[in-house]
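Next comes my_file_22.pdb, with PDB, C-alpha atoms.
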```pdb
ATOM      1  CA  MET A   1     107.631 158.872 130.562
ATOM      2  CA  LYS A   2     110.879 157.340 129.339
ATOM      3  CA  ILE A   3     114.361 157.597 130.877
ATOM      4  CA  LEU A   4     117.453 156.665 128.889
ATOM      5  CA  VAL A   5     120.250 155.150 130.987
ATOM      6  CA  THR A   6     123.749 154.655 129.608
ATOM      7  CA  GLY A   7     126.790 152.757 130.863
ATOM      8  CA  PHE A   8     130.238 151.861 129.504
ATOM      9  CA  ASN A   9     131.939 148.578 128.734
ATOM     10  CA  ALA A  10     135.291 147.506 130.220
ATOM     11  CA  PHE A  11     138.395 149.532 129.390
ATOM     12  CA  GLY A  12     142.086 149.749 130.278
ATOM     13  CA  PRO A  13     142.576 148.898 133.961
ATOM     14  CA  VAL A  14     138.815 148.450 134.495
ATOM     15  CA  LYS A  15     138.247 144.781 133.669
ATOM     16  CA  ILE A  16     134.677 144.795 134.957
ATOM     17  CA  ASN A  17     132.731 147.999 134.466
ATOM     18  CA  GLN A  18     130.136 148.452 137.180
ATOM     19  CA  SER A  19     128.089 150.806 135.030
ATOM     20  CA  GLU A  20     127.630 148.007 132.477
ATOM     21  CA  LEU A  21     126.554 145.591 135.207
ATOM     22  CA  ILE A  22     124.059 148.127 136.566
ATOM     23  CA  VAL A  23     122.499 148.850 133.181
ATOM     24  CA  THR A  24     122.228 145.118 132.451
ATOM     25  CA  ARG A  25     120.508 144.477 135.794
ATOM     26  CA  LEU A  26     118.133 147.386 135.269
ATOM     27  CA  MET A  27     116.982 145.986 131.953
ATOM     28  CA  GLN A  28     116.447 142.554 133.488
ATOM     29  CA  ALA A  29     114.086 144.052 136.057
ATOM     30  CA  PRO A  30     113.012 147.514 134.837
ATOM     31  CA  PRO A  31     111.047 149.894 137.107
ATOM     32  CA  ARG A  32     107.271 149.851 136.805
ATOM     33  CA  GLU A  33     106.750 153.572 137.344
ATOM     34  CA  PHE A  34     108.212 154.655 133.994
ATOM     35  CA  ALA A  35     109.625 153.284 130.746
ATOM     36  CA  LEU A  36     113.333 152.568 130.660
ATOM     37  CA  ALA A  37     115.666 152.488 127.682
ATOM     38  CA  ALA A  38     119.305 151.532 128.090
ATOM     39  CA  ILE A  39     122.515 151.293 126.122
ATOM     40  CA  ILE A  40     126.044 150.096 126.858
ATOM     41  CA  LEU A  41     128.397 152.548 125.196
ATOM     42  CA  PRO A  42     131.772 151.475 123.802
ATOM     43  CA  THR A  43     134.626 153.186 125.645
ATOM     44  CA  GLU A  44     135.720 154.936 122.473
ATOM     45  CA  TYR A  45     135.413 158.634 121.730
ATOM     46  CA  ALA A  46     134.012 158.403 118.208
ATOM     47  CA  ALA A  47     131.935 155.227 118.622
ATOM     48  CA  ALA A  48     130.386 156.360 121.930
ATOM     49  CA  THR A  49     129.428 159.705 120.396
ATOM     50  CA  ALA A  50     127.733 158.017 117.464
ATOM     51  CA  ALA A  51     125.990 155.484 119.717
ATOM     52  CA  ILE A  52     124.448 158.017 122.090
ATOM     53  CA  LYS A  53     123.326 160.185 119.176
ATOM     54  CA  ARG A  54     121.493 157.183 117.707
ATOM     55  CA  ALA A  55     119.984 156.261 121.069
ATOM     56  CA  ILE A  56     118.631 159.759 121.737
ATOM     57  CA  ARG A  57     117.211 160.005 118.216
ATOM     58  CA  ARG A  58     115.649 156.531 118.441
ATOM     59  CA  GLU A  59     114.299 156.598 121.998
ATOM     60  CA  ARG A  60     113.308 160.285 122.285
ATOM     61  CA  PRO A  61     113.743 160.140 126.068
ATOM     62  CA  ASP A  62     112.171 162.500 128.574
ATOM     63  CA  ALA A  63     115.327 162.340 130.708
ATOM     64  CA  ILE A  64     118.842 160.900 130.490
ATOM     65  CA  LEU A  65     121.022 159.394 133.207
ATOM     66  CA  CYS A  66     124.572 158.559 132.146
ATOM     67  CA  LEU A  67     126.647 156.240 134.334
ATOM     68  CA  GLY A  68     130.349 155.515 134.574
ATOM     69  CA  VAL A  69     132.876 154.146 137.029
ATOM     70  CA  ALA A  70     135.381 156.117 139.115
ATOM     71  CA  ALA A  71     137.474 153.341 140.655
ATOM     72  CA  GLY A  72     139.366 155.708 142.938
ATOM     73  CA  ARG A  73     136.232 156.910 144.716
ATOM     74  CA  SER A  74     134.372 155.313 147.594
ATOM     75  CA  ASN A  75     130.933 156.828 147.069
ATOM     76  CA  ILE A  76     128.389 157.616 144.378
ATOM     77  CA  SER A  77     129.349 160.921 142.760
ATOM     78  CA  LEU A  78     126.716 163.213 141.282
ATOM     79  CA  GLU A  79     128.557 165.239 138.674
ATOM     80  CA  ARG A  80     127.798 168.941 138.554
ATOM     81  CA  VAL A  81     129.580 170.038 135.350
ATOM     82  CA  ALA A  82     130.608 168.637 131.954
ATOM     83  CA  LEU A  83     133.713 170.277 130.479
ATOM     84  CA  ASN A  84     134.276 170.907 126.777
ATOM     85  CA  LEU A  85     137.572 169.064 126.970
ATOM     86  CA  ASP A  86     139.075 165.672 126.126
ATOM     87  CA  ASP A  87     142.406 165.334 127.914
ATOM     88  CA  ASP A  88     143.706 162.058 129.312
ATOM     89  CA  LYS A  89     146.851 159.952 128.982
ATOM     90  CA  LEU A  90     144.763 156.764 128.871
ATOM     91  CA  ALA A  91     143.864 155.540 125.394
ATOM     92  CA  ASP A  92     140.284 154.586 124.629
ATOM     93  CA  ASN A  93     139.470 151.058 123.461
ATOM     94  CA  ALA A  94     140.265 152.056 119.882
ATOM     95  CA  GLY A  95     143.748 153.172 120.929
ATOM     96  CA  VAL A  96     142.952 156.888 120.647
ATOM     97  CA  ILE A  97     144.570 159.336 123.084
ATOM     98  CA  ARG A  98     143.345 162.910 123.263
ATOM     99  CA  HIS A  99     145.226 165.831 124.813
ATOM    100  CA  GLY A 100     143.756 169.303 125.248
ATOM    101  CA  ARG A 101     141.111 168.839 122.577
ATOM    102  CA  LYS A 102     137.705 170.505 122.561
ATOM    103  CA  ILE A 103     134.754 168.135 122.357
ATOM    104  CA  SER A 104     132.770 170.702 120.363
ATOM    105  CA  ARG A 105     134.418 173.538 118.445
ATOM    106  CA  THR A 106     131.302 175.695 118.700
ATOM    107  CA  GLY A 107     129.951 174.516 122.077
ATOM    108  CA  PRO A 108     130.266 176.395 125.391
ATOM    109  CA  PRO A 109     133.181 175.747 127.784
ATOM    110  CA  LEU A 110     130.897 173.732 130.050
ATOM    111  CA  TYR A 111     127.380 172.497 130.649
ATOM    112  CA  TRP A 112     125.755 172.247 134.062
ATOM    113  CA  SER A 113     123.958 169.045 134.956
ATOM    114  CA  ARG A 114     120.203 169.209 134.557
ATOM    115  CA  LEU A 115     119.590 166.508 137.129
ATOM    116  CA  PRO A 116     117.979 167.529 140.455
ATOM    117  CA  LEU A 117     121.273 166.935 142.263
ATOM    118  CA  ASP A 118     120.277 168.217 145.700
ATOM    119  CA  ALA A 119     117.080 166.172 145.737
ATOM    120  CA  ILE A 120     118.934 163.059 144.587
ATOM    121  CA  LEU A 121     121.640 163.552 147.219
ATOM    122  CA  HIS A 122     118.963 163.920 149.897
ATOM    123  CA  LYS A 123     117.288 160.693 148.758
ATOM    124  CA  LEU A 124     120.597 158.821 148.772
ATOM    125  CA  SER A 125     121.490 160.135 152.227
ATOM    126  CA  ARG A 126     118.116 159.094 153.623
ATOM    127  CA  SER A 127     118.688 155.653 152.112
ATOM    128  CA  ARG A 128     122.103 155.534 153.861
ATOM    129  CA  ILE A 129     124.010 155.261 150.611
ATOM    130  CA  ALA A 130     127.375 157.040 150.536
ATOM    131  CA  ALA A 131     127.130 159.862 148.010
ATOM    132  CA  ARG A 132     128.361 163.364 147.271
ATOM    133  CA  ILE A 133     128.169 166.064 144.636
ATOM    134  CA  SER A 134     131.339 166.246 142.531
ATOM    135  CA  ASN A 135     132.298 169.368 140.598
ATOM    136  CA  HIS A 136     133.105 167.659 137.294
ATOM    137  CA  ALA A 137     133.435 164.240 135.669
ATOM    138  CA  GLY A 138     137.132 164.386 134.751
ATOM    139  CA  THR A 139     138.344 164.714 131.154
ATOM    140  CA  TYR A 140     138.079 161.146 129.832
ATOM    141  CA  LEU A 141     135.142 159.280 128.263
ATOM    142  CA  CYS A 142     132.736 159.878 131.151
ATOM    143  CA  ASN A 143     133.046 163.644 130.803
ATOM    144  CA  HIS A 144     133.028 163.304 127.005
ATOM    145  CA  ILE A 145     129.680 161.524 126.872
ATOM    146  CA  PHE A 146     128.228 163.778 129.597
ATOM    147  CA  TYR A 147     129.096 166.824 127.468
ATOM    148  CA  ILE A 148     127.812 165.242 124.256
ATOM    149  CA  ALA A 149     124.497 164.252 125.870
ATOM    150  CA  ARG A 150     123.987 167.735 127.279
ATOM    151  CA  HIS A 151     124.943 169.330 123.968
ATOM    152  CA  LEU A 152     122.448 167.181 122.070
ATOM    153  CA  THR A 153     119.590 167.932 124.473
ATOM    154  CA  GLU A 154     120.312 171.571 125.351
ATOM    155  CA  LYS A 155     117.624 173.074 123.111
ATOM    156  CA  GLN A 156     114.964 170.599 124.273
ATOM    157  CA  GLY A 157     115.672 171.245 127.943
ATOM    158  CA  ILE A 158     115.724 167.514 128.697
ATOM    159  CA  PRO A 159     116.952 166.656 132.224
ATOM    160  CA  CYS A 160     120.336 165.081 131.632
ATOM    161  CA  GLY A 161     123.393 164.389 133.759
ATOM    162  CA  PHE A 162     126.127 162.024 134.824
ATOM    163  CA  VAL A 163     126.668 159.848 137.890
ATOM    164  CA  HIS A 164     129.876 158.029 138.776
ATOM    165  CA  VAL A 165     129.693 154.795 140.754
ATOM    166  CA  PRO A 166     132.724 153.683 142.816
ATOM    167  CA  LYS A 167     134.904 150.620 142.766
ATOM    168  CA  LEU A 168     133.098 147.298 143.140
ATOM    169  CA  ARG A 169     133.558 145.836 146.606
ATOM    170  CA  VAL A 170     134.657 142.211 146.556
ATOM    171  CA  LEU A 171     132.834 140.280 149.246
ATOM    172  CA  GLY A 172     135.055 138.301 151.585
ATOM    173  CA  LYS A 173     138.020 140.655 151.396
ATOM    174  CA  LYS A 174     139.244 142.122 154.689
ATOM    175  CA  LYS A 175     139.573 145.641 153.294
ATOM    176  CA  LYS A 176     136.061 146.870 152.656
ATOM    177  CA  GLN A 177     136.814 149.258 149.803
ATOM    178  CA  GLY A 178     134.293 150.420 147.254
ATOM    179  CA  MET A 179     130.611 149.518 147.216
ATOM    180  CA  THR A 180     128.643 146.350 146.622
ATOM    181  CA  LEU A 181     126.697 146.003 143.385
ATOM    182  CA  SER A 182     123.409 145.737 145.296
ATOM    183  CA  THR A 183     124.084 149.082 147.006
ATOM    184  CA  MET A 184     124.984 150.692 143.693
ATOM    185  CA  LEU A 185     121.733 149.400 142.210
ATOM    186  CA  ARG A 186     119.779 150.897 145.095
ATOM    187  CA  GLY A 187     121.647 154.146 144.570
ATOM    188  CA  VAL A 188     120.853 154.308 140.864
ATOM    189  CA  ASP A 189     117.241 153.440 141.651
ATOM    190  CA  CYS A 190     117.164 156.462 143.981
ATOM    191  CA  CYS A 191     118.494 158.632 141.151
ATOM    192  CA  LEU A 192     115.875 157.350 138.721
ATOM    193  CA  THR A 193     113.017 157.664 141.208
ATOM    194  CA  VAL A 194     113.823 161.291 142.018
ATOM    195  CA  LEU A 195     114.440 162.137 138.374
ATOM    196  CA  ALA A 196     111.101 160.656 137.290
ATOM    197  CA  ALA A 197     109.181 162.375 140.105
ATOM    198  CA  THR A 198     110.804 165.729 139.387
ATOM    199  CA  ARG A 199     110.114 165.467 135.658
ATOM    200  CA  LYS A 200     106.463 164.585 136.257
ATOM    201  CA  ALA A 201     106.045 167.460 138.712
ATOM    202  CA  THR A 202     107.594 169.903 136.238
ATOM    203  CA  ARG A 203     105.291 168.752 133.457
ATOM    204  CA  LYS A 204     102.257 169.009 135.712
ATOM    205  CA  ALA A 205     103.169 172.552 136.726
ATOM    206  CA  THR A 206     103.703 173.512 133.081
ATOM    207  CA  ARG A 207     100.296 172.166 132.087
ATOM    208  CA  LYS A 208      98.609 174.066 134.930
ATOM    209  CA  LYS A 209     100.350 177.264 133.933
ATOM    210  CA  GLY A 210      99.246 176.864 130.350
ATOM    211  CA  SER A 211      95.607 176.067 131.158
TER     212      SER A 211
END
```
Written form, C-alpha coordinates:
Amino acid sequence: MKILVTGFNAFGPVKINQSELIVTRLMQAPPREFALAAIILPTEYAAATAAIKRAIRRERPDAILCLGVAAGRSNISLERVALNLDDDKLADNAGVIRHGRKISRTGPPLYWSRLPLDAILHKLSRSRIAARISNHAGTYLCNHIFYIARHLTEKQGIPCGFVHVPKLRVLGKKKKQGMTLSTMLRGVDCCLTVLAATRKATRKATRKKGS
(Lines of atoms letter the chains of each structure in order from A and count residues from 1; the text may use other names and numbers.)
(Lines give C-alpha, C1' and ligand atoms only; values in the text may rest on other atoms or scores of the structure.)
Protein backbone atom coordinates (compact mmCIF):
# COMPACT_ATOMS: atom_id res chain seq x y z
CA MET A 1 0.00 0.00 0.00
CA LYS A 2 1.24 3.48 -0.86
CA ILE A 3 0.09 6.84 0.54
CA LEU A 4 0.96 10.09 -1.20
CA VAL A 5 1.48 13.03 1.17
CA THR A 6 1.73 16.60 -0.08
CA GLY A 7 2.77 19.86 1.56
CA PHE A 8 3.41 23.44 0.41
CA ASN A 9 6.47 25.65 0.43
CA ALA A 10 6.62 29.09 2.09
CA PHE A 11 4.38 31.86 0.78
CA GLY A 12 3.38 35.45 1.55
CA PRO A 13 3.26 35.96 5.33
CA VAL A 14 4.15 32.30 5.99
CA LYS A 15 7.96 32.33 6.06
CA ILE A 16 8.20 28.77 7.34
CA ASN A 17 5.55 26.37 6.13
CA GLN A 18 4.89 23.66 8.68
CA SER A 19 3.46 21.33 6.05
CA GLU A 20 6.82 21.38 4.24
CA LEU A 21 8.66 20.62 7.48
CA ILE A 22 6.30 17.72 8.22
CA VAL A 23 6.65 16.17 4.77
CA THR A 24 10.45 16.50 4.95
CA ARG A 25 10.54 14.81 8.37
CA LEU A 26 8.25 12.02 7.19
CA MET A 27 10.56 11.20 4.31
CA GLN A 28 13.57 11.16 6.62
CA ALA A 29 11.90 8.52 8.78
CA PRO A 30 9.04 6.96 6.79
CA PRO A 31 6.53 4.58 8.45
CA ARG A 32 7.24 0.87 8.20
CA GLU A 33 3.63 -0.24 7.85
CA PHE A 34 3.15 1.13 4.33
CA ALA A 35 5.00 2.83 1.48
CA LEU A 36 5.12 6.61 1.53
CA ALA A 37 5.53 9.01 -1.36
CA ALA A 38 5.78 12.74 -0.78
CA ILE A 39 5.97 16.00 -2.66
CA ILE A 40 6.39 19.65 -1.70
CA LEU A 41 4.05 21.64 -3.92
CA PRO A 42 4.88 25.18 -5.05
CA THR A 43 2.35 27.68 -3.69
CA GLU A 44 1.25 28.58 -7.20
CA TYR A 45 -2.07 27.72 -8.79
CA ALA A 46 -0.80 26.47 -12.14
CA ALA A 47 2.47 24.90 -10.97
CA ALA A 48 0.85 23.10 -8.01
CA THR A 49 -1.84 21.68 -10.28
CA ALA A 50 0.73 20.35 -12.72
CA ALA A 51 2.91 18.96 -9.91
CA ILE A 52 0.16 16.98 -8.19
CA LYS A 53 -1.06 15.61 -11.52
CA ARG A 54 2.46 14.31 -12.22
CA ALA A 55 2.79 12.87 -8.72
CA ILE A 56 -0.51 10.97 -8.89
CA ARG A 57 0.31 9.63 -12.35
CA ARG A 58 3.83 8.62 -11.30
CA GLU A 59 3.14 7.18 -7.85
CA ARG A 60 -0.30 5.62 -8.43
CA PRO A 61 -1.12 5.96 -4.72
CA ASP A 62 -3.73 3.98 -2.83
CA ALA A 63 -4.57 7.06 -0.75
CA ILE A 64 -3.70 10.76 -0.66
CA LEU A 65 -3.23 13.07 2.32
CA CYS A 66 -2.74 16.73 1.45
CA LEU A 67 -1.36 19.08 4.10
CA GLY A 68 -1.31 22.84 4.47
CA VAL A 69 -0.97 25.48 7.16
CA ALA A 70 -3.74 27.59 8.70
CA ALA A 71 -1.77 30.04 10.83
CA GLY A 72 -4.88 31.48 12.47
CA ARG A 73 -5.96 28.15 13.94
CA SER A 74 -4.81 26.48 17.13
CA ASN A 75 -5.60 22.86 16.30
CA ILE A 76 -5.32 20.30 13.52
CA SER A 77 -8.26 20.78 11.16
CA LEU A 78 -9.69 17.87 9.20
CA GLU A 79 -11.31 19.45 6.17
CA ARG A 80 -14.72 18.12 5.19
CA VAL A 81 -15.30 19.80 1.80
CA ALA A 82 -13.32 21.13 -1.18
CA LEU A 83 -15.03 23.99 -3.03
CA ASN A 84 -14.85 24.55 -6.78
CA LEU A 85 -13.65 28.08 -6.19
CA ASP A 86 -10.43 30.12 -6.22
CA ASP A 87 -11.06 33.41 -4.44
CA ASP A 88 -8.45 35.16 -2.31
CA LYS A 89 -6.85 38.61 -2.17
CA LEU A 90 -3.43 37.04 -1.50
CA ALA A 91 -1.30 36.44 -4.58
CA ASP A 92 0.36 33.08 -5.06
CA ASN A 93 4.15 32.85 -5.35
CA ALA A 94 3.90 33.58 -9.08
CA GLY A 95 2.04 36.82 -8.36
CA VAL A 96 -1.33 35.47 -9.50
CA ILE A 97 -4.51 36.61 -7.73
CA ARG A 98 -7.79 34.84 -8.39
CA HIS A 99 -11.25 36.20 -7.59
CA GLY A 100 -14.45 34.20 -7.98
CA ARG A 101 -12.96 31.74 -10.44
CA LYS A 102 -14.02 28.11 -10.82
CA ILE A 103 -11.23 25.57 -10.42
CA SER A 104 -12.91 23.27 -12.95
CA ARG A 105 -15.44 24.51 -15.50
CA THR A 106 -17.08 21.09 -15.73
CA GLY A 107 -16.53 19.85 -12.16
CA PRO A 108 -19.16 19.77 -9.39
CA PRO A 109 -19.56 22.69 -6.94
CA LEU A 110 -17.80 20.68 -4.24
CA TYR A 111 -16.20 17.38 -3.33
CA TRP A 112 -16.51 15.72 0.06
CA SER A 113 -13.36 14.42 1.70
CA ARG A 114 -12.84 10.70 1.31
CA LEU A 115 -10.75 10.44 4.46
CA PRO A 116 -12.26 8.59 7.46
CA LEU A 117 -12.64 11.89 9.33
CA ASP A 118 -14.52 10.61 12.37
CA ALA A 119 -12.06 7.77 12.92
CA ILE A 120 -9.10 10.12 12.53
CA LEU A 121 -10.62 12.64 14.94
CA HIS A 122 -11.18 9.86 17.48
CA LYS A 123 -7.55 8.74 17.15
CA LEU A 124 -6.28 12.30 17.58
CA SER A 125 -8.49 12.88 20.62
CA ARG A 126 -7.29 9.67 22.25
CA SER A 127 -3.73 10.81 21.59
CA ARG A 128 -4.56 14.15 23.29
CA ILE A 129 -3.84 16.17 20.18
CA ALA A 130 -6.05 19.22 19.65
CA ALA A 131 -8.13 18.61 16.53
CA ARG A 132 -11.51 19.30 14.97
CA ILE A 133 -13.45 18.77 11.77
CA SER A 134 -13.63 21.93 9.66
CA ASN A 135 -16.32 22.44 7.03
CA HIS A 136 -14.03 23.60 4.22
CA ALA A 137 -10.42 24.50 3.44
CA GLY A 138 -10.92 28.16 2.48
CA THR A 139 -10.58 29.40 -1.10
CA TYR A 140 -6.81 29.73 -1.54
CA LEU A 141 -4.19 27.17 -2.59
CA CYS A 142 -5.06 24.62 0.09
CA ASN A 143 -8.64 24.35 -1.14
CA HIS A 144 -7.42 24.49 -4.75
CA ILE A 145 -5.15 21.46 -4.42
CA PHE A 146 -7.73 19.60 -2.30
CA TYR A 147 -10.28 20.05 -5.09
CA ILE A 148 -7.81 19.12 -7.83
CA ALA A 149 -6.71 15.95 -5.99
CA ARG A 150 -10.31 14.87 -5.44
CA HIS A 151 -11.21 15.66 -9.05
CA LEU A 152 -8.31 13.58 -10.36
CA THR A 153 -9.14 10.57 -8.18
CA GLU A 154 -12.95 10.70 -8.19
CA LYS A 155 -13.44 7.87 -10.70
CA GLN A 156 -10.92 5.60 -8.96
CA GLY A 157 -12.52 6.09 -5.55
CA ILE A 158 -9.13 6.70 -3.94
CA PRO A 159 -9.33 7.95 -0.32
CA CYS A 160 -8.21 11.55 -0.55
CA GLY A 161 -8.53 14.62 1.65
CA PHE A 162 -6.94 17.65 3.22
CA VAL A 163 -5.66 18.44 6.71
CA HIS A 164 -4.63 21.87 7.97
CA VAL A 165 -1.97 22.13 10.66
CA PRO A 166 -1.86 25.24 12.89
CA LYS A 167 0.74 27.87 13.55
CA LEU A 168 4.13 26.59 14.72
CA ARG A 169 4.64 27.18 18.42
CA VAL A 170 7.96 28.83 19.22
CA LEU A 171 9.46 27.25 22.31
CA GLY A 172 10.46 29.69 25.03
CA LYS A 173 7.78 32.25 24.26
CA LYS A 174 5.41 33.14 27.10
CA LYS A 175 2.31 32.96 24.91
CA LYS A 176 1.83 29.32 24.03
CA GLN A 177 0.09 29.77 20.69
CA GLY A 178 -0.02 27.17 17.96
CA MET A 179 1.43 23.68 18.17
CA THR A 180 4.92 22.24 18.37
CA LEU A 181 6.32 20.47 15.32
CA SER A 182 6.64 17.21 17.27
CA THR A 183 2.93 17.31 18.14
CA MET A 184 2.02 18.04 14.53
CA LEU A 185 4.12 15.07 13.42
CA ARG A 186 2.31 12.83 15.89
CA GLY A 187 -0.97 14.18 14.59
CA VAL A 188 -0.13 13.48 10.96
CA ASP A 189 1.09 10.02 11.97
CA CYS A 190 -2.35 9.41 13.52
CA CYS A 191 -3.97 10.47 10.24
CA LEU A 192 -1.76 8.15 8.21
CA THR A 193 -2.20 5.21 10.58
CA VAL A 194 -5.99 5.42 10.50
CA LEU A 195 -6.04 6.00 6.75
CA ALA A 196 -3.84 2.96 6.08
CA ALA A 197 -5.85 0.72 8.43
CA THR A 198 -9.15 1.82 6.92
CA ARG A 199 -7.92 1.28 3.37
CA LYS A 200 -6.64 -2.20 4.19
CA ALA A 201 -9.90 -3.13 5.90
CA THR A 202 -11.91 -1.91 2.90
CA ARG A 203 -9.79 -3.93 0.50
CA LYS A 204 -10.09 -7.03 2.66
CA ALA A 205 -13.87 -6.70 2.79
CA THR A 206 -14.01 -6.22 -0.98
CA ARG A 207 -11.95 -9.35 -1.60
CA LYS A 208 -14.18 -11.39 0.73
CA LYS A 209 -17.28 -10.14 -1.01
CA GLY A 210 -15.88 -11.07 -4.38
CA SER A 211 -14.74 -14.56 -3.38
Work out how far CA of Val81 (chain A) is from CA of Ile22 (chain A), in Å to one decimal.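 So the answer is 22.6 Å.
From CA of Thr198 (chain A) back to CA of Gly157 (chain A), the distance works out to 13.6 Å.
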Given the file shown, enumerate the residues that the PyMOL selection byres ((chain A and resi 134-145) around 8) captures and present them as a VMD selection string. chain A and resid 43 to 45 48 to 49 52 66 to 68 77 to 88 92 103 132 to 133 146 to 149 162 164
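Between CA of Val14 (chain A) and CA of Ala94 (chain A) there is a distance of 15.1 Å.
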Near-Lys15 (chain A) list (12 Å; all atoms listed in the file; drop same-chain fewer than 6 positions) as a PyMOL selection string: chain A and resi 8-9+21+69+71+167-168
Regenerate region 176-187 of chain A at the level of all heavy atoms and dump it as a CSV table (one decimal), keeping the file's coordinate frame.
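Generated file (rebuild_20.csv):
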```csv
chain,number,residue,atom,x,y,z
A,176,LYS,N,137.4,146.6,153.2
A,176,LYS,CA,136.1,146.9,152.7
A,176,LYS,C,136.1,148.2,151.8
A,176,LYS,O,135.6,149.2,152.3
A,176,LYS,CB,135.0,146.9,153.8
A,176,LYS,CG,134.8,145.6,154.5
A,176,LYS,CD,133.7,145.7,155.5
A,176,LYS,CE,133.4,144.4,156.2
A,176,LYS,NZ,132.3,144.4,157.2
A,177,GLN,N,136.7,148.1,150.7
A,177,GLN,CA,136.8,149.3,149.8
A,177,GLN,C,135.7,149.2,148.7
A,177,GLN,O,135.3,148.1,148.3
A,177,GLN,CB,138.2,149.3,149.1
A,177,GLN,CG,139.3,149.5,150.1
A,177,GLN,CD,140.7,149.5,149.4
A,177,GLN,OE1,140.9,148.8,148.4
A,177,GLN,NE2,141.6,150.2,150.0
A,178,GLY,N,135.3,150.4,148.3
A,178,GLY,CA,134.3,150.4,147.3
A,178,GLY,C,132.9,150.2,147.8
A,178,GLY,O,132.6,150.5,148.9
A,179,MET,N,132.0,149.7,146.9
A,179,MET,CA,130.6,149.5,147.2
A,179,MET,C,130.1,148.2,146.6
A,179,MET,O,130.5,147.9,145.5
A,179,MET,CB,129.9,150.7,146.7
A,179,MET,CG,128.4,150.8,147.0
A,179,MET,SD,127.7,152.4,146.4
A,179,MET,CE,128.4,153.6,147.6
A,180,THR,N,129.2,147.6,147.2
A,180,THR,CA,128.6,146.4,146.6
A,180,THR,C,127.7,146.7,145.5
A,180,THR,O,127.2,147.8,145.4
A,180,THR,CB,127.8,145.5,147.7
A,180,THR,OG1,126.7,146.3,148.1
A,180,THR,CG2,128.7,145.2,148.9
A,181,LEU,N,127.5,145.8,144.5
A,181,LEU,CA,126.7,146.0,143.4
A,181,LEU,C,125.3,146.3,143.8
A,181,LEU,O,124.6,147.1,143.2
A,181,LEU,CB,126.8,144.8,142.4
A,181,LEU,CG,125.9,144.9,141.1
A,181,LEU,CD1,126.4,146.1,140.3
A,181,LEU,CD2,126.1,143.6,140.3
A,182,SER,N,124.8,145.6,144.8
A,182,SER,CA,123.4,145.7,145.3
A,182,SER,C,123.2,147.2,145.8
A,182,SER,O,122.1,147.8,145.6
A,182,SER,CB,123.1,144.7,146.4
A,182,SER,OG,123.9,144.9,147.5
A,183,THR,N,124.2,147.7,146.5
A,183,THR,CA,124.1,149.1,147.0
A,183,THR,C,124.1,150.1,145.9
A,183,THR,O,123.4,151.1,145.8
A,183,THR,CB,125.2,149.4,148.0
A,183,THR,OG1,125.2,148.5,149.1
A,183,THR,CG2,125.1,150.8,148.5
A,184,MET,N,125.0,149.8,144.9
A,184,MET,CA,125.0,150.7,143.7
A,184,MET,C,123.6,150.7,143.0
A,184,MET,O,123.2,151.7,142.5
A,184,MET,CB,126.1,150.2,142.7
A,184,MET,CG,127.5,150.4,143.2
A,184,MET,SD,128.7,150.0,141.9
A,184,MET,CE,130.1,149.6,142.9
A,185,LEU,N,123.0,149.5,142.9
A,185,LEU,CA,121.7,149.4,142.2
A,185,LEU,C,120.7,150.2,143.0
A,185,LEU,O,119.8,150.9,142.4
A,185,LEU,CB,121.3,147.9,142.1
A,185,LEU,CG,122.0,147.1,141.0
A,185,LEU,CD1,121.8,145.6,141.2
A,185,LEU,CD2,121.5,147.5,139.6
A,186,ARG,N,120.7,150.1,144.3
A,186,ARG,CA,119.8,150.9,145.1
A,186,ARG,C,120.0,152.4,144.9
A,186,ARG,O,119.1,153.2,144.8
A,186,ARG,CB,119.9,150.5,146.6
A,186,ARG,CG,119.4,149.2,146.9
A,186,ARG,CD,119.1,149.1,148.4
A,186,ARG,NE,120.3,149.2,149.2
A,186,ARG,CZ,120.5,150.2,150.1
A,186,ARG,NH1,119.6,151.2,150.3
A,186,ARG,NH2,121.6,150.3,150.8
A,187,GLY,N,121.3,152.7,144.8
A,187,GLY,CA,121.6,154.1,144.6
A,187,GLY,C,121.1,154.7,143.2
A,187,GLY,O,120.6,155.8,143.2
```
